>>> print(open('entry-v8.txt').read())   # compact mmCIF, C-alpha atoms
# COMPACT_ATOMS: atom_id res chain seq x y z
CA MET A 280 174.70 -153.98 80.63
CA SER A 281 178.16 -154.67 79.20
CA GLN A 282 178.49 -156.14 75.72
CA ARG A 283 180.00 -159.33 77.15
CA ALA A 284 177.16 -159.78 79.65
CA GLU A 285 174.61 -159.19 76.92
CA SER A 286 176.35 -161.75 74.68
CA LEU A 287 176.20 -164.32 77.49
CA GLU A 288 172.51 -163.54 78.03
CA GLN A 289 171.81 -164.03 74.33
CA PHE A 290 173.76 -167.30 74.32
CA ALA A 291 171.68 -168.57 77.26
CA ILE A 292 168.45 -167.58 75.50
CA ASP A 293 169.55 -169.36 72.32
CA VAL A 294 170.37 -172.52 74.31
CA ILE A 295 167.01 -172.45 76.12
CA LEU A 296 165.08 -171.95 72.87
CA ASN A 297 167.08 -174.70 71.06
CA ARG A 298 168.71 -172.27 68.65
CA ARG A 299 172.20 -173.47 69.61
CA HIS A 300 173.47 -176.92 68.72
CA GLY A 301 176.58 -178.93 69.43
CA MET A 302 177.98 -180.72 72.47
CA ARG A 303 178.36 -177.65 74.69
CA ALA A 304 174.77 -176.49 74.13
CA THR A 305 173.39 -180.03 74.63
CA LEU A 306 175.25 -180.49 77.92
CA LEU A 307 174.11 -177.10 79.15
CA ARG A 308 170.48 -177.89 78.31
CA GLY A 309 170.80 -181.14 80.27
CA LEU A 310 172.14 -179.28 83.30
CA LEU A 311 169.41 -176.63 83.07
CA TYR A 312 166.77 -179.37 82.75
CA ALA A 313 167.97 -180.94 86.01
CA LEU A 314 168.00 -177.56 87.75
CA SER A 315 164.43 -176.90 86.62
CA PHE A 316 163.25 -179.75 88.88
CA VAL A 317 164.93 -178.08 91.84
CA TYR A 318 163.39 -174.76 90.82
CA GLU A 319 159.90 -176.30 90.67
CA ARG A 320 160.22 -177.68 94.21
CA ILE A 321 161.29 -174.26 95.48
CA VAL A 322 158.37 -172.51 93.74
CA GLN A 323 155.80 -174.98 95.06
CA PHE A 324 157.26 -174.98 98.58
CA ARG A 325 157.05 -171.18 98.66
CA LEU A 326 153.38 -171.36 97.62
CA PHE A 327 152.80 -173.96 100.34
CA LEU A 328 154.27 -171.65 102.98
CA TYR A 329 151.96 -168.81 101.95
CA ARG A 330 148.92 -171.06 101.55
CA HIS A 331 149.33 -172.41 105.09
CA ARG A 332 150.13 -168.95 106.48
CA ILE A 333 153.61 -169.89 107.61
CA LEU A 334 154.67 -166.92 105.52
CA ARG A 335 152.13 -164.13 105.92
CA GLU A 336 150.66 -161.95 103.20
CA ARG A 337 150.23 -158.27 103.95
CA THR A 338 146.88 -156.55 103.49
CA LEU A 339 146.72 -152.79 103.10
CA GLY A 340 142.96 -152.20 103.31
CA CYS A 341 142.92 -151.25 99.66
CA LEU A 342 142.01 -152.92 96.37
CA VAL A 343 145.05 -154.79 94.99
CA VAL A 344 144.95 -156.16 91.43
CA SER A 345 147.84 -158.18 90.03
CA ILE A 346 148.56 -158.30 86.30
CA GLY A 347 151.15 -160.90 85.44
CA ASN A 348 151.95 -164.12 83.63
CA LEU A 349 153.40 -167.59 84.05
CA THR A 350 156.21 -167.01 81.55
CA VAL A 351 159.18 -164.69 81.33
CA GLY A 352 158.39 -161.67 79.13
CA GLY A 353 156.80 -161.38 75.73
CA THR A 354 153.07 -161.48 76.55
CA GLY A 355 152.41 -157.78 75.84
CA LYS A 356 151.74 -156.93 79.47
CA THR A 357 152.44 -153.20 79.48
CA PRO A 358 149.55 -152.21 77.14
CA ILE A 359 147.20 -154.34 79.27
CA VAL A 360 148.33 -152.52 82.43
CA GLU A 361 147.76 -149.22 80.62
CA LYS A 362 144.26 -150.28 79.53
CA PHE A 363 143.35 -151.31 83.07
CA ALA A 364 144.69 -148.06 84.55
CA HIS A 365 142.67 -146.01 82.02
CA ALA A 366 139.48 -147.94 82.72
CA LEU A 367 139.83 -147.80 86.51
CA ARG A 368 140.67 -144.11 86.47
CA ASN A 369 137.61 -143.44 84.31
CA GLY A 370 135.63 -145.50 86.81
CA GLY A 371 136.53 -143.09 89.58
CA ARG A 372 139.44 -144.92 91.18
CA ARG A 373 142.68 -143.25 92.28
CA VAL A 374 145.12 -145.70 90.70
CA ALA A 375 148.74 -146.40 91.55
CA ILE A 376 150.85 -148.77 89.46
CA LEU A 377 153.51 -150.58 91.49
CA SER A 378 156.47 -151.86 89.49
CA ARG A 379 159.76 -153.40 90.52
CA GLY A 380 161.51 -151.39 87.79
CA TYR A 381 163.31 -154.25 86.08
CA LYS A 382 166.82 -153.20 84.93
CA SER A 383 166.32 -149.65 86.20
CA VAL A 384 169.28 -147.85 87.77
CA PRO A 385 168.52 -146.33 91.19
CA PRO A 386 169.96 -142.87 91.93
CA ALA A 387 173.18 -142.74 93.93
CA PRO A 388 172.41 -142.77 97.68
CA ALA A 389 173.05 -139.61 99.63
CA ARG A 390 176.16 -139.63 101.82
CA ARG A 391 175.41 -140.11 105.49
CA ARG A 392 177.38 -139.56 108.62
CA LEU A 393 179.30 -142.42 110.22
CA PHE A 394 177.30 -144.51 112.75
CA ARG A 395 174.03 -142.86 111.76
CA LYS A 396 171.31 -145.44 111.36
CA LYS A 397 170.34 -145.93 107.75
CA ALA A 398 166.75 -144.81 107.13
CA PRO A 399 164.67 -146.90 104.68
CA SER A 400 164.59 -145.25 101.30
CA PRO A 401 161.16 -144.31 99.91
CA PRO A 402 160.01 -145.80 96.60
CA ARG A 403 161.00 -143.99 93.43
CA VAL A 404 158.11 -141.84 92.26
CA VAL A 405 158.03 -142.01 88.48
CA SER A 406 154.79 -140.02 88.43
CA ASP A 407 152.75 -138.58 91.28
CA GLY A 408 149.68 -138.54 89.06
CA LYS A 409 150.42 -135.02 87.89
CA THR A 410 154.04 -134.81 86.77
CA LEU A 411 156.55 -137.17 85.14
CA LEU A 412 159.45 -137.05 87.62
CA LEU A 413 162.06 -139.59 86.46
CA ASP A 414 163.75 -140.61 83.22
CA SER A 415 163.63 -144.09 81.72
CA LEU A 416 167.06 -145.05 83.08
CA THR A 417 166.10 -144.39 86.70
CA ALA A 418 162.50 -145.56 86.39
CA GLY A 419 162.91 -148.49 84.01
CA ASP A 420 161.53 -148.46 80.48
CA GLU A 421 158.08 -149.92 81.23
CA PRO A 422 157.26 -147.74 84.29
CA TYR A 423 158.47 -144.67 82.37
CA MET A 424 156.33 -145.56 79.37
CA LEU A 425 153.27 -146.06 81.58
CA ALA A 426 153.83 -142.78 83.43
CA ASN A 427 154.32 -140.93 80.14
CA ASN A 428 151.06 -142.27 78.70
CA LEU A 429 148.97 -142.07 81.89
CA LYS A 430 149.08 -138.45 82.97
CA ASP A 431 146.86 -138.81 86.04
CA VAL A 432 147.94 -142.22 87.34
CA ILE A 433 150.58 -142.72 90.04
CA VAL A 434 153.57 -144.88 89.06
CA LEU A 435 156.02 -146.09 91.73
CA VAL A 436 159.12 -148.26 91.48
CA ASP A 437 160.44 -150.43 94.30
CA LYS A 438 161.24 -154.11 94.76
CA ASP A 439 159.24 -153.98 98.00
CA ARG A 440 155.69 -153.53 96.70
CA VAL A 441 154.28 -153.47 100.26
CA LYS A 442 156.38 -150.40 101.00
CA SER A 443 155.46 -148.68 97.74
CA GLY A 444 151.79 -149.59 98.25
CA LEU A 445 151.73 -148.01 101.69
CA PHE A 446 153.44 -144.92 100.27
CA ALA A 447 150.88 -144.69 97.45
CA ILE A 448 147.99 -144.90 99.92
CA LYS A 449 149.31 -142.63 102.68
CA GLU A 450 151.25 -140.02 100.73
CA LEU A 451 149.49 -139.91 97.36
CA GLY A 452 145.92 -140.89 98.19
CA ALA A 453 145.68 -144.06 96.08
CA ASP A 454 142.70 -146.35 96.62
CA THR A 455 143.53 -148.99 93.97
CA LEU A 456 146.90 -150.67 93.47
CA LEU A 457 147.90 -152.34 90.19
CA LEU A 458 150.79 -154.75 90.61
CA ASP A 459 152.72 -154.73 87.35
CA ASP A 460 154.08 -158.26 86.86
CA GLY A 461 152.65 -159.26 90.22
CA LEU A 462 151.54 -162.89 89.92
CA GLN A 463 154.63 -164.18 91.72
CA TYR A 464 154.66 -161.35 94.29
CA LEU A 465 152.89 -163.14 97.14
CA HIS A 466 153.92 -160.90 100.05
CA LEU A 467 151.09 -158.48 99.21
CA ARG A 468 147.66 -160.10 99.04
CA HIS A 469 145.87 -159.74 95.70
CA ARG A 470 142.14 -159.15 95.41
CA LEU A 471 142.24 -160.27 91.77
CA ASP A 472 144.86 -162.05 89.67
CA ILE A 473 144.82 -161.13 85.98
CA VAL A 474 146.99 -163.61 84.06
CA LEU A 475 148.11 -163.07 80.47
CA ILE A 476 148.76 -165.90 78.01
CA ASP A 477 150.44 -165.24 74.68
CA ARG A 478 148.49 -166.97 71.92
CA GLN A 479 151.69 -167.55 69.94
CA ALA A 480 153.55 -169.27 72.81
CA PRO A 481 151.03 -169.94 75.59
CA PHE A 482 153.45 -171.61 78.00
CA GLY A 483 156.75 -170.51 76.53
CA ASN A 484 158.79 -173.50 75.47
CA GLU A 485 156.92 -175.67 78.01
CA TYR A 486 159.89 -176.00 80.41
CA LEU A 487 160.38 -174.33 83.77
CA LEU A 488 163.25 -171.98 84.50
CA PRO A 489 166.17 -172.23 84.01
CA ARG A 490 165.65 -174.78 81.20
CA GLY A 491 162.68 -172.88 79.84
CA THR A 492 160.66 -169.70 80.17
CA LEU A 493 157.98 -170.81 82.62
CA ARG A 494 158.17 -169.13 86.02
CA GLU A 495 155.67 -171.56 87.53
CA PRO A 496 154.15 -174.92 86.59
CA ARG A 497 151.16 -174.69 84.26
CA ARG A 498 148.82 -176.01 86.97
CA ASN A 499 149.38 -172.78 88.92
CA LEU A 500 147.19 -171.07 86.36
CA ARG A 501 144.38 -172.03 88.76
CA ARG A 502 145.17 -168.88 90.77
CA ALA A 503 143.90 -166.66 87.94
CA SER A 504 140.66 -164.74 88.36
CA TYR A 505 140.66 -163.56 84.72
CA ILE A 506 142.77 -164.85 81.82
CA PHE A 507 143.65 -162.62 78.87
CA ILE A 508 144.74 -164.39 75.69
CA THR A 509 146.96 -161.77 74.05
CA LYS A 510 148.15 -161.24 70.46
CA CYS A 511 145.06 -162.85 68.98
CA THR A 512 144.55 -162.67 65.22
CA GLY A 513 140.79 -163.21 65.06
CA GLU A 514 141.22 -166.93 64.41
CA PRO A 515 139.51 -169.35 66.83
CA ASN A 516 141.40 -170.20 70.03
CA ASP A 517 139.31 -173.27 70.87
CA GLU A 518 142.27 -175.62 71.25
CA LEU A 519 144.12 -173.20 73.54
CA ILE A 520 141.00 -172.52 75.62
CA THR A 521 140.47 -176.27 76.05
CA ARG A 522 144.02 -176.53 77.32
CA ILE A 523 143.58 -173.57 79.67
CA ARG A 524 140.46 -175.23 81.13
CA ARG A 525 142.55 -178.21 82.21
CA TYR A 526 144.25 -175.93 84.72
CA ASN A 527 141.52 -173.40 85.49
CA ARG A 528 137.83 -174.22 85.03
CA THR A 529 136.34 -171.03 86.46
CA ALA A 530 138.35 -167.98 85.35
CA GLU A 531 136.71 -165.76 82.76
CA ILE A 532 138.65 -165.73 79.49
CA ILE A 533 139.07 -162.56 77.42
CA GLU A 534 140.65 -162.62 73.96
CA CYS A 535 142.44 -159.48 72.82
CA ALA A 536 144.81 -158.13 70.19
CA HIS A 537 147.51 -155.47 70.08
CA LYS A 538 145.96 -152.99 67.67
CA PRO A 539 148.39 -150.59 65.91
CA LEU A 540 147.20 -146.97 66.08
CA HIS A 541 149.80 -144.83 64.33
CA LEU A 542 153.50 -144.15 63.90
CA GLN A 543 155.05 -141.56 66.21
CA ASN A 544 158.44 -139.92 65.79
CA SER A 545 160.70 -140.93 68.66
CA PHE A 546 162.15 -137.43 69.04
CA THR A 547 159.62 -134.91 67.68
CA ALA A 548 156.33 -136.70 68.57
CA GLU A 549 155.16 -136.19 64.95
CA ARG A 550 152.47 -138.73 64.05
CA LEU A 551 151.99 -140.54 60.75
CA PRO A 552 149.10 -142.78 59.69
CA LEU A 553 149.82 -146.47 59.33
CA GLU A 554 149.31 -146.18 55.56
CA ASN A 555 152.84 -144.75 55.40
CA LEU A 556 154.16 -148.25 56.01
CA HIS A 557 152.49 -149.74 52.95
CA ASN A 558 155.22 -150.78 50.48
CA ALA A 559 157.76 -148.67 52.40
CA PHE A 560 161.33 -149.98 52.61
CA ILE A 561 162.25 -149.71 56.28
CA GLY A 562 164.71 -150.73 58.97
CA SER A 563 163.41 -152.57 62.04
CA LEU A 564 165.16 -152.06 65.38
CA CYS A 565 164.10 -153.67 68.66
CA GLY A 566 165.28 -155.08 71.97
CA ILE A 567 162.24 -156.99 73.25
CA ALA A 568 161.42 -160.54 74.31
CA ALA A 569 159.36 -161.32 71.18
CA PRO A 570 160.99 -159.63 68.15
CA ASP A 571 159.34 -162.00 65.66
CA SER A 572 155.92 -160.76 66.73
CA PHE A 573 156.93 -157.11 66.22
CA GLU A 574 158.54 -157.68 62.82
CA GLY A 575 155.64 -159.84 61.67
CA GLY A 576 153.23 -157.07 62.66
CA LEU A 577 155.13 -154.56 60.52
CA GLN A 578 154.98 -156.89 57.54
CA LYS A 579 151.22 -157.34 57.99
CA LEU A 580 150.93 -153.55 57.75
CA GLY A 581 152.64 -153.74 54.34
CA ALA A 582 156.17 -152.71 55.34
CA ARG A 583 159.17 -154.18 53.54
CA ILE A 584 161.88 -154.80 56.14
CA GLU A 585 165.23 -154.39 54.39
CA LEU A 586 167.34 -154.26 57.55
CA ALA A 587 166.52 -155.73 60.96
CA LYS A 588 168.60 -155.42 64.11
CA ARG A 589 167.70 -157.22 67.33
CA TYR A 590 169.07 -156.78 70.83
CA THR A 591 168.29 -158.56 74.09
CA ASP A 592 165.19 -157.53 76.04
CA HIS A 593 165.51 -154.15 77.83
CA HIS A 594 168.73 -153.31 75.96
CA ARG A 595 169.81 -149.72 76.62
CA TYR A 596 171.07 -148.21 73.37
CA SER A 597 174.25 -146.19 73.05
CA GLU A 598 174.52 -143.29 70.65
CA ALA A 599 177.14 -145.21 68.66
CA GLU A 600 174.83 -148.23 68.22
CA LEU A 601 171.94 -146.08 67.10
CA GLN A 602 174.05 -144.01 64.73
CA SER A 603 175.61 -147.13 63.23
CA PHE A 604 172.18 -148.53 62.35
CA ILE A 605 171.09 -145.15 60.95
CA ASN A 606 174.18 -145.10 58.71
CA ARG A 607 173.36 -148.57 57.39
CA CYS A 608 169.82 -147.41 56.61
CA VAL A 609 171.16 -144.30 54.83
CA ARG A 610 173.32 -146.47 52.59
CA ARG A 611 170.26 -148.56 51.71
CA ASP A 612 168.16 -145.42 51.13
CA LEU A 613 165.42 -146.58 53.52
CA ALA A 614 162.38 -144.43 54.18
CA MET A 615 162.36 -144.80 57.96
CA ILE A 616 163.39 -146.84 60.97
CA VAL A 617 160.56 -148.37 63.00
CA THR A 618 160.91 -149.55 66.58
CA THR A 619 158.69 -150.31 69.57
CA GLU A 620 157.52 -147.74 72.07
CA LYS A 621 159.38 -149.59 74.82
CA ASP A 622 162.60 -149.34 72.79
CA ALA A 623 162.06 -145.67 71.96
CA VAL A 624 162.21 -144.62 75.61
CA ARG A 625 165.69 -146.18 75.82
CA PHE A 626 167.14 -144.27 72.88
CA PRO A 627 169.72 -141.54 73.44
CA ARG A 628 168.57 -138.14 72.24
CA LEU A 629 169.59 -137.45 68.62
CA MET A 630 169.16 -134.18 66.77
CA SER A 631 167.70 -134.60 63.29
CA PRO A 632 168.82 -138.16 62.41
CA GLU A 633 169.40 -138.74 58.69
CA VAL A 634 166.66 -141.37 58.67
CA PRO A 635 163.55 -140.61 60.76
CA ILE A 636 162.87 -143.02 63.62
CA TYR A 637 159.27 -143.86 64.50
CA PHE A 638 157.77 -146.17 67.08
CA LEU A 639 154.57 -148.11 66.56
CA ARG A 640 151.94 -146.94 69.02
CA VAL A 641 149.54 -149.77 69.93
CA GLU A 642 146.54 -150.28 72.17
CA ILE A 643 144.65 -153.33 73.39
CA GLU A 644 141.49 -154.27 71.51
CA ILE A 645 139.06 -156.72 73.12
CA LEU A 646 137.99 -159.27 70.49
CA SER A 647 135.80 -161.50 72.63
CA GLY A 648 134.74 -161.46 76.25
CA HIS A 649 133.51 -157.84 76.30
CA GLU A 650 131.02 -158.61 79.07
CA SER A 651 133.77 -160.26 81.13
CA TRP A 652 135.98 -157.21 80.66
CA GLU A 653 133.21 -154.84 81.74
CA HIS A 654 132.39 -157.09 84.69
CA CYS A 655 136.04 -157.12 85.74
CA VAL A 656 136.30 -153.32 85.65
CA ALA A 657 132.97 -152.89 87.47
CA ARG A 658 134.06 -155.41 90.10
CA ILE A 659 137.07 -153.23 90.88
CA CYS A 660 135.44 -149.81 90.53
CA LYS A 661 132.22 -150.67 92.39
CA PRO A 662 133.10 -153.31 94.97
CA GLN A 663 130.50 -154.60 97.38
CA PRO A 664 130.24 -152.68 100.69
CA ILE A 665 132.65 -153.98 103.30
CA LEU A 666 132.89 -153.65 107.05
CA SER A 667 136.65 -153.56 107.39
CA PRO A 668 139.84 -154.19 105.41
CA GLN A 669 140.37 -157.42 107.38
CA ARG A 670 136.97 -158.80 106.35
CA PHE A 671 137.38 -157.60 102.77
CA PHE A 672 140.63 -159.52 102.28
CA SER A 673 139.66 -162.60 104.25
>>> encode(input="entry-v8.txt", output="structure tokens")
Amino acid sequence: MSQRAESLEQFAIDVILNRRHGMRATLLRGLLYALSFVYERIVQFRLFLYRHRILRERTLGCLVVSIGNLTVGGTGKTPIVEKFAHALRNGGRRVAILSRGYKSVPPAPARRRLFRKKAPSPPRVVSDGKTLLLDSLTAGDEPYMLANNLKDVIVLVDKDRVKSGLFAIKELGADTLLLDDGLQYLHLRHRLDIVLIDRQAPFGNEYLLPRGTLREPRRNLRRASYIFITKCTGEPNDELITRIRRYNRTAEIIECAHKPLHLQNSFTAERLPLENLHNAFIGSLCGIAAPDSFEGGLQKLGARIELAKRYTDHHRYSEAELQSFINRCVRRDLAMIVTTEKDAVRFPRLMSPEVPIYFLRVEIEILSGHESWEHCVARICKPQPILSPQRFFS
């Protein structure tokens, strides 16, 4: 993304989140607020068309589990997808993760002869369950990260998840499909809908797109089979759960936290215990949807953030940007630079940077709802006997 486009994106985010003031920002918020009503009608009309089978869902005769959210970004979805894939694989399923590959760059198409009919391109295979086949630019940062951490799970990228699902089943032998960010993907029928809610901002800023960060009205939470409250701190979530129950009275609720495991060098894979952050003067570098959550987590681990640089979500770093931040950290004599794992896969390769760069490796820890979690996994791994795919998905 060009610097100008990224600046415009950041300006829009600041307007939406009320960080910008003045006449221009106020007028823009008013316009976006009006457009959000139009957006809501479109969203609900689309759901109506699928609910009344005017638009038809596809069924593939295979377990399909969607993991998504009502808001745009920031719920900590990727570690949840990884946890599910691990559990299902250990439960004997042949898992394929289907991602749209947000902000990935597809390879240049092969030249074809004039008048030859264009054949549909196959999905991009990030991992065939054995080998990592694409880089983060072509795959997208999240699919690449998942494929790198899940050595025996298939990861495919394509906007058409029906096409990639069929490919996973027929060509790679998958029997379970995980739709990464799939709540709004209605063309492929879901067996289960796992919906994530960020404890810190459950429904974003409470407005629908484009005025806010909600992709759907809050009442659409009723489609969820299981609800994960993410980024919990161990404090009670009674008020949030009461609010969730206004929209969904039956879904099982699981509370979880993003548990830091260790620091890992972005280039050498060297690991350090988290104790190395205690009282360490560091630089923080990230391009994610919720930078406050990341920086706050570092401070809870005892780090002293002397320099912090933020970019827009999914920012792809240039060597000049990275080197510039390293130079600033050198001048401040900082012990290390700490970033997120999702950011680290977007870094250009550097040989022996003057300040070591580590990412914080995290995993999902279930705090409450262990029985619900085990029931969810068992429900997928050991489904009831079925007579046919048509009956199973009816």
>>> residues_around(input="entry-v8.txt", residues="Pro635 (chain A)", least_positions_apart="6", cutoff="12 Å", atoms="only C-alpha atoms", output="CSV table (one decimal) with C-alpha atoms, in the coordinates of the input")
chain,number,residue,atom,x,y,z
A,542,LEU,CA,153.5,-144.2,63.9
A,543,GLN,CA,155.0,-141.6,66.2
A,544,ASN,CA,158.4,-139.9,65.8
A,545,SER,CA,160.7,-140.9,68.7
A,546,PHE,CA,162.2,-137.4,69.0
A,547,THR,CA,159.6,-134.9,67.7
A,548,ALA,CA,156.3,-136.7,68.6
A,549,GLU,CA,155.2,-136.2,65.0
A,550,ARG,CA,152.5,-138.7,64.0
A,551,LEU,CA,152.0,-140.5,60.8
A,561,ILE,CA,162.2,-149.7,56.3
A,562,GLY,CA,164.7,-150.7,59.0
A,601,LEU,CA,171.9,-146.1,67.1
A,602,GLN,CA,174.0,-144.0,64.7
A,604,PHE,CA,172.2,-148.5,62.4
A,605,ILE,CA,171.1,-145.2,61.0
A,606,ASN,CA,174.2,-145.1,58.7
A,608,CYS,CA,169.8,-147.4,56.6
A,609,VAL,CA,171.2,-144.3,54.8
A,612,ASP,CA,168.2,-145.4,51.1
A,613,LEU,CA,165.4,-146.6,53.5
A,614,ALA,CA,162.4,-144.4,54.2
A,615,MET,CA,162.4,-144.8,58.0
A,616,ILE,CA,163.4,-146.8,61.0
A,617,VAL,CA,160.6,-148.4,63.0
A,618,THR,CA,160.9,-149.6,66.6
A,629,LEU,CA,169.6,-137.4,68.6
>>> closest_residue(input="entry-v8.txt", among="A:Ser415, A:Ser383, A:Ser400, A:Thr455", to="Cys341 (chain A)", atoms="only C-alpha atoms")
A:Thr455
>>> closest_residue(input="entry-v8.txt", among="A:Val634, A:Ala480, A:Ile359, A:Leu577", to="Trp652 (chain A)", atoms="all atoms listed in the file")
A:Ile359
>>> residues_around(input="entry-v8.txt", residues="region 506-523 of chain A", least_positions_apart="3", cutoff="6 Å", atoms="all atoms listed in the file", output="PyMOL selection string")
chain A and resi 473-478+526+532-537
>>> atom_distance(input="entry-v8.txt", atom1="CA of Val317 (chain A)", atom2="CA of Arg335 (chain A)")
23.6 Å
>>> residues_around(input="entry-v8.txt", residues="Thr357 (chain A)", least_positions_apart="6", cutoff="10 Å", atoms="all atoms listed in the file", output="number ranges by chain")
A: 346-347, 363, 421-422, 424-425, 459-460, 621, 642-643
>>> closest_residue(input="entry-v8.txt", among="A:Pro627, A:Pro496, A:Pro539, A:Gly576", to="Ser315 (chain A)", atoms="all atoms listed in the file")
A:Pro496
>>> closest_residue(input="entry-v8.txt", among="A:Val624, A:Ala304, A:Val351, A:Ala364", to="Tyr637 (chain A)", atoms="all atoms listed in the file")
A:Val624
>>> residues_around(input="entry-v8.txt", residues="Gln323 (chain A)", least_positions_apart="3", cutoff="12 Å", atoms="only C-alpha atoms", output="count of residues only")
17
>>> closest_residue(input="entry-v8.txt", among="A:Glu620, A:Glu644, A:Glu288, A:Asp420", to="Lys362 (chain A)", atoms="all atoms listed in the file")
A:Glu644
>>> atom_distance(input="entry-v8.txt", atom1="CA of Leu416 (chain A)", atom2="CA of Gly461 (chain A)")
21.5 Å
>>> residues_around(input="entry-v8.txt", residues="region 405-408 of chain A", least_positions_apart="3", cutoff="9 Å", atoms="all atoms listed in the file", output="list in words")
Val374, Ala375, Leu411, Leu412, Leu413, Asp414, Thr417, Ala418, Pro422, Tyr423, Ala426, Asn427, Leu429, Lys430, Asp431, Val432, Ile433, Val434, Leu435, Val436, Ala447 and Leu451 of chain A
>>> closest_residue(input="entry-v8.txt", among="A:Ile321, A:Leu493, A:Met630, A:Ala599", to="Asn348 (chain A)", atoms="all atoms listed in the file")
A:Leu493
>>> atom_distance(input="entry-v8.txt", atom1="CA of Glu336 (chain A)", atom2="CA of Ala503 (chain A)")
17.3 Å
>>> residues_near_point(input="entry-v8.txt", point="(149.3, -158.5, 103.0)", cutoff="7 Å", atoms="only C-alpha atoms", output="number ranges by chain")
A: 335-339, 466-468
>>> residues_near_point(input="entry-v8.txt", point="(149.7, -147.3, 58.2)", cutoff="9 Å", atoms="only C-alpha atoms", output="ChimeraX atom specification")
/A:539-542,551-557,580-582
>>> write_last_selection(input="entry-v8.txt", atoms="C-alpha atoms", output="mmCIF file, in the frame of the given file")
data_model
loop_
_atom_site.group_PDB
_atom_site.id
_atom_site.type_symbol
_atom_site.label_atom_id
_atom_site.label_comp_id
_atom_site.auth_asym_id
_atom_site.auth_seq_id
_atom_site.Cartn_x
_atom_site.Cartn_y
_atom_site.Cartn_z
ATOM 1 C CA PRO A 539 148.390 -150.590 65.910
ATOM 2 C CA LEU A 540 147.200 -146.970 66.080
ATOM 3 C CA HIS A 541 149.800 -144.830 64.330
ATOM 4 C CA LEU A 542 153.500 -144.150 63.900
ATOM 5 C CA LEU A 551 151.990 -140.540 60.750
ATOM 6 C CA PRO A 552 149.100 -142.780 59.690
ATOM 7 C CA LEU A 553 149.820 -146.470 59.330
ATOM 8 C CA GLU A 554 149.310 -146.180 55.560
ATOM 9 C CA ASN A 555 152.840 -144.750 55.400
ATOM 10 C CA LEU A 556 154.160 -148.250 56.010
ATOM 11 C CA HIS A 557 152.490 -149.740 52.950
ATOM 12 C CA LEU A 580 150.930 -153.550 57.750
ATOM 13 C CA GLY A 581 152.640 -153.740 54.340
ATOM 14 C CA ALA A 582 156.170 -152.710 55.340
#
>>> decode(input="entry-v8.txt", residues="region 448-460 of chain A", atoms="C-alpha atoms", output="short mmCIF file (atom, residue, chain, number, x, y, z; two decimals), in the first residue's frame")
data_model
loop_
_atom_site.label_atom_id
_atom_site.label_comp_id
_atom_site.auth_asym_id
_atom_site.auth_seq_id
_atom_site.Cartn_x
_atom_site.Cartn_y
_atom_site.Cartn_z
CA ILE A 448 -11.55 -32.16 -0.28
CA LYS A 449 -10.84 -33.59 -3.73
CA GLU A 450 -7.13 -32.87 -4.16
CA LEU A 451 -5.80 -32.85 -0.60
CA GLY A 452 -8.12 -35.22 1.23
CA ALA A 453 -9.56 -32.77 3.78
CA ASP A 454 -12.58 -33.85 5.81
CA THR A 455 -12.96 -30.70 7.96
CA LEU A 456 -12.97 -27.12 6.70
CA LEU A 457 -12.21 -24.14 8.96
CA LEU A 458 -13.42 -20.87 7.50
CA ASP A 459 -11.06 -18.18 8.73
CA ASP A 460 -13.14 -15.01 9.18
#
